[in-house]
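Enquirer: I have a structure here, written as structure tokens, and I will follow up with some questions on it.
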Amino acid sequence: MPKLLSLDKILAKKYKVVEGLTPEFIASFGDIEDCFDMLVYGDSGNGKTNLVLELMAQLCTALGCGATYISWEEGHGKSLRDALVRQNLMERLGNVMEVSDGGSYDDVRKLLTKRKSKKVILFDSVQASEFTVNEWAALKKEFVMGKRRKIFIYISWVDGKRPKGIAAESLRYYANIKVFVDRFMAFPASRYGGGKTFVIWEDGAMKRYGKKLYNKLKNQ
């Protein structure tokens, strides 16, 4: 049965925010809670993996926690290993991240219910998981909005400039933060404020946008 709170109780409610994030992170993604979900979507080769690994690194550092990367697309392959090396994650975080090569909905739920399951969970990708709208909603309700208070970061393919498929579209509507990635720049829309363009890779973005447009976009 849904829980009802009166207005005075809502206004008096205390929320735990993530402290210790960089000013660039806060300017883009806002003053975030310690449990939220984020949808990152964009075409292949535009910087989604580098972005989510950077976000994961900052969150793990700020919260002193670990992360699980559930990789249906790449598994334990070389391309993911190379991305981990590019982000210097072992040097920055130590051995706090684990990588799963996918699994069914029941497999993932079982993983998340373990007593020592990680705080930050990255899903790559929404489409490759083949989870339904209802399955994604159930995971969020239980593990983000429930007592476990996890952070979910979903990676999605695109159709044009929108997430591809009904499951990803539903995530775009209810995720706390939505981030469109294009040519190594991230364009966030967050319920926590922020909104400034986040530069994933400056040289790559400048080359693909051109210096003039790059400078304009990065200051938005």
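If you're wondering about the labels, chains in the structure tokens are A, B, ... by order shown, residues count from 1 in each chain, ligands from 1 in order shown.
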Please identify all polymer residues within 6 Å of region 97-107 of chain A, counting only C-alpha atoms, omitting same-chain residues fewer than 2 positions from it, and present them as a PyMOL selection string.

Expert: chain A and resi 66-72+75+95+109-110

Enquirer: Atoms to include: C-alpha atoms. Write the selected residues as a CSV table (one decimal), in the first residue's frame.

Expert:
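What landed in part_39.csv:
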```csv
chain,number,residue,atom,x,y,z
A,66,GLY,CA,32.2,0.4,-5.0
A,67,ALA,CA,30.5,-0.2,-8.4
A,68,THR,CA,29.3,-3.0,-10.6
A,69,TYR,CA,29.4,-2.7,-14.4
A,70,ILE,CA,26.9,-5.1,-16.0
A,71,SER,CA,28.1,-5.4,-19.6
A,72,TRP,CA,25.8,-7.3,-21.9
A,75,GLY,CA,31.3,-8.7,-21.5
A,95,ASN,CA,40.0,-2.6,-6.7
A,109,ARG,CA,18.1,-8.9,-9.2
A,110,LYS,CA,19.9,-11.7,-7.3
```

Enquirer: Determine, counting only C-alpha atoms, which protein, DNA and RNA residues have an atom within 10 Å of an atom of Glu19 (chain A); residues of the same chain fewer than 2 positions away are not included. Present the result as a short mmCIF file (atom, residue, chain, number, x, y, z; two decimals) with N, CA and C atoms, in the first residue's frame.

Expert:
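Final file, selection.cif:
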```cif
data_model
loop_
_atom_site.label_atom_id
_atom_site.label_comp_id
_atom_site.auth_asym_id
_atom_site.auth_seq_id
_atom_site.Cartn_x
_atom_site.Cartn_y
_atom_site.Cartn_z
N LYS A 16 19.87 13.05 1.98
CA LYS A 16 21.32 12.97 1.99
C LYS A 16 21.85 13.25 0.59
N VAL A 17 22.67 14.27 0.47
CA VAL A 17 23.24 14.61 -0.84
C VAL A 17 24.69 14.13 -0.89
N LEU A 21 31.91 16.11 -4.71
CA LEU A 21 31.98 16.06 -6.17
C LEU A 21 32.68 17.30 -6.71
N THR A 22 33.24 17.19 -7.90
CA THR A 22 33.93 18.34 -8.48
C THR A 22 32.93 19.43 -8.87
N ILE A 26 28.92 19.10 -10.44
CA ILE A 26 27.74 19.74 -9.86
C ILE A 26 27.10 20.70 -10.86
N ASP A 31 22.97 19.13 -7.59
CA ASP A 31 23.25 18.78 -6.20
C ASP A 31 22.48 17.49 -5.90
N ILE A 32 23.09 16.37 -6.24
CA ILE A 32 22.36 15.10 -6.31
C ILE A 32 22.25 14.39 -4.96
N GLU A 33 21.19 13.58 -4.84
CA GLU A 33 21.03 12.71 -3.68
C GLU A 33 22.02 11.55 -3.77
N ASP A 34 22.09 10.81 -2.68
CA ASP A 34 22.98 9.64 -2.69
C ASP A 34 22.29 8.40 -3.23
N LEU A 59 31.65 9.34 -8.24
CA LEU A 59 30.68 8.93 -7.23
C LEU A 59 31.32 7.99 -6.21
N THR A 61 34.45 7.80 -5.39
CA THR A 61 35.38 8.58 -4.58
C THR A 61 34.64 9.39 -3.52
N ALA A 62 33.58 10.07 -3.94
CA ALA A 62 32.83 10.93 -3.02
C ALA A 62 32.12 10.13 -1.93
N LEU A 63 31.59 8.96 -2.30
CA LEU A 63 30.80 8.16 -1.36
C LEU A 63 31.61 7.09 -0.65
#
```

Enquirer: Please report, as a ChimeraX atom specification, each residue of region 13-212 of chain A to which DSSP assigns strand (DSSP E or B) when run on this structure's backbone.

Expert: /A:17,33,37-42,67-71,97-100,120-124,151-156,158-159,162-163,177-182,185-190,198-199

Enquirer: Just to confirm, what's the straight-line distance from CA of Gly210 (chain A) to CA of Leu55 (chain A) in Å (one decimal)?

Expert: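 Interatomic distance, CA of Gly210 (chain A) to CA of Leu55 (chain A): 25.5 Å.
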
Enquirer: Would you mind telling me which residue in A:Lys141, A:Lys207, A:Arg191, A:Lys118 lies nearest to Cys65 (chain A) when using only C-alpha atoms?

Expert: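 Smallest separation from Cys65 (chain A) among the options: A:Lys118.
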
Enquirer: Apply DSSP to the structure's backbone, then extract all residues of chain A labelled helix (DSSP H, G or I) and return them as a VMD selection string.

Expert: chain A and resid 7 to 12 23 to 29 48 to 63 78 to 86 89 to 93 105 to 113 126 to 129 133 to 144 166 to 174 202 to 209 211 to 218

Enquirer: Hey, which of A:Val199, A:Ala175, A:Cys60, A:Leu11 ends up closest to Phe187 (chain A)? Count only C-alpha atoms.

Expert: A:Val199

Enquirer: Which residue gives the smallest distance to Leu111 (chain A) among A:Tyr173, A:Phe184, A:Phe143, A:Phe25, with only C-alpha atoms counted?

Expert: A:Phe143

Enquirer: Residues within 12 Å of Gly160 (chain A), please, as a ChimeraX atom specification. Count only C-alpha atoms; anything in the same chain fewer than 4 positions from it doesn't count.

Expert: /A:41-44,164-165,180-182

Enquirer: Can you work out the spacing between CA of Asn88 (chain A) and CA of Val52 (chain A) in Å, to one decimal?

Expert: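 Interatomic distance, CA of Asn88 (chain A) to CA of Val52 (chain A): 13.5 Å.
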
Enquirer: If we count only C-alpha atoms and set the cut-off at 8 Å, which residues sit around Leu171 (chain A), ignoring sequence neighbours fewer than 3 positions away in its own chain? Please answer as a list in words.

Expert: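 Near neighbours after the sequence-gap exclusion: Leu39, Trp136, Ala167, Ala168, Tyr174 and Ala175 of chain A.
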
Enquirer: Would you put the residues from that selection into a file with N, CA and C atoms, as a compact mmCIF listing (two decimals), in the first residue's frame?

Expert:
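Writing the result to again12.txt gives the following:
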```
# COMPACT_ATOMS: atom_id res chain seq x y z
N LEU A 39 19.99 8.18 -17.10
CA LEU A 39 20.01 7.57 -18.43
C LEU A 39 21.00 8.32 -19.31
N TRP A 136 12.46 -2.92 -15.63
CA TRP A 136 13.29 -1.77 -15.25
C TRP A 136 12.62 -0.98 -14.13
N ALA A 167 11.41 0.60 -23.84
CA ALA A 167 11.99 0.53 -22.50
C ALA A 167 12.88 1.73 -22.22
N ALA A 168 13.76 2.07 -23.19
CA ALA A 168 14.65 3.22 -23.01
C ALA A 168 13.87 4.53 -22.96
N TYR A 174 11.25 8.79 -16.62
CA TYR A 174 11.25 8.77 -15.15
C TYR A 174 12.63 8.83 -14.50
N ALA A 175 13.72 8.77 -15.27
CA ALA A 175 15.04 8.88 -14.67
C ALA A 175 15.26 10.27 -14.08
```

Enquirer: Have a look at A:Phe152, A:Asn176, A:Arg86, A:Lys218 and name the one nearest to Leu122 (chain A); count only C-alpha atoms.

Expert: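 So, comparing all the options, the nearest one is A:Phe152.
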
Enquirer: How many Å lie between CA of Lys140 (chain A) and CA of Ser79 (chain A), rounded to one decimal?

Expert: 28.3 Å
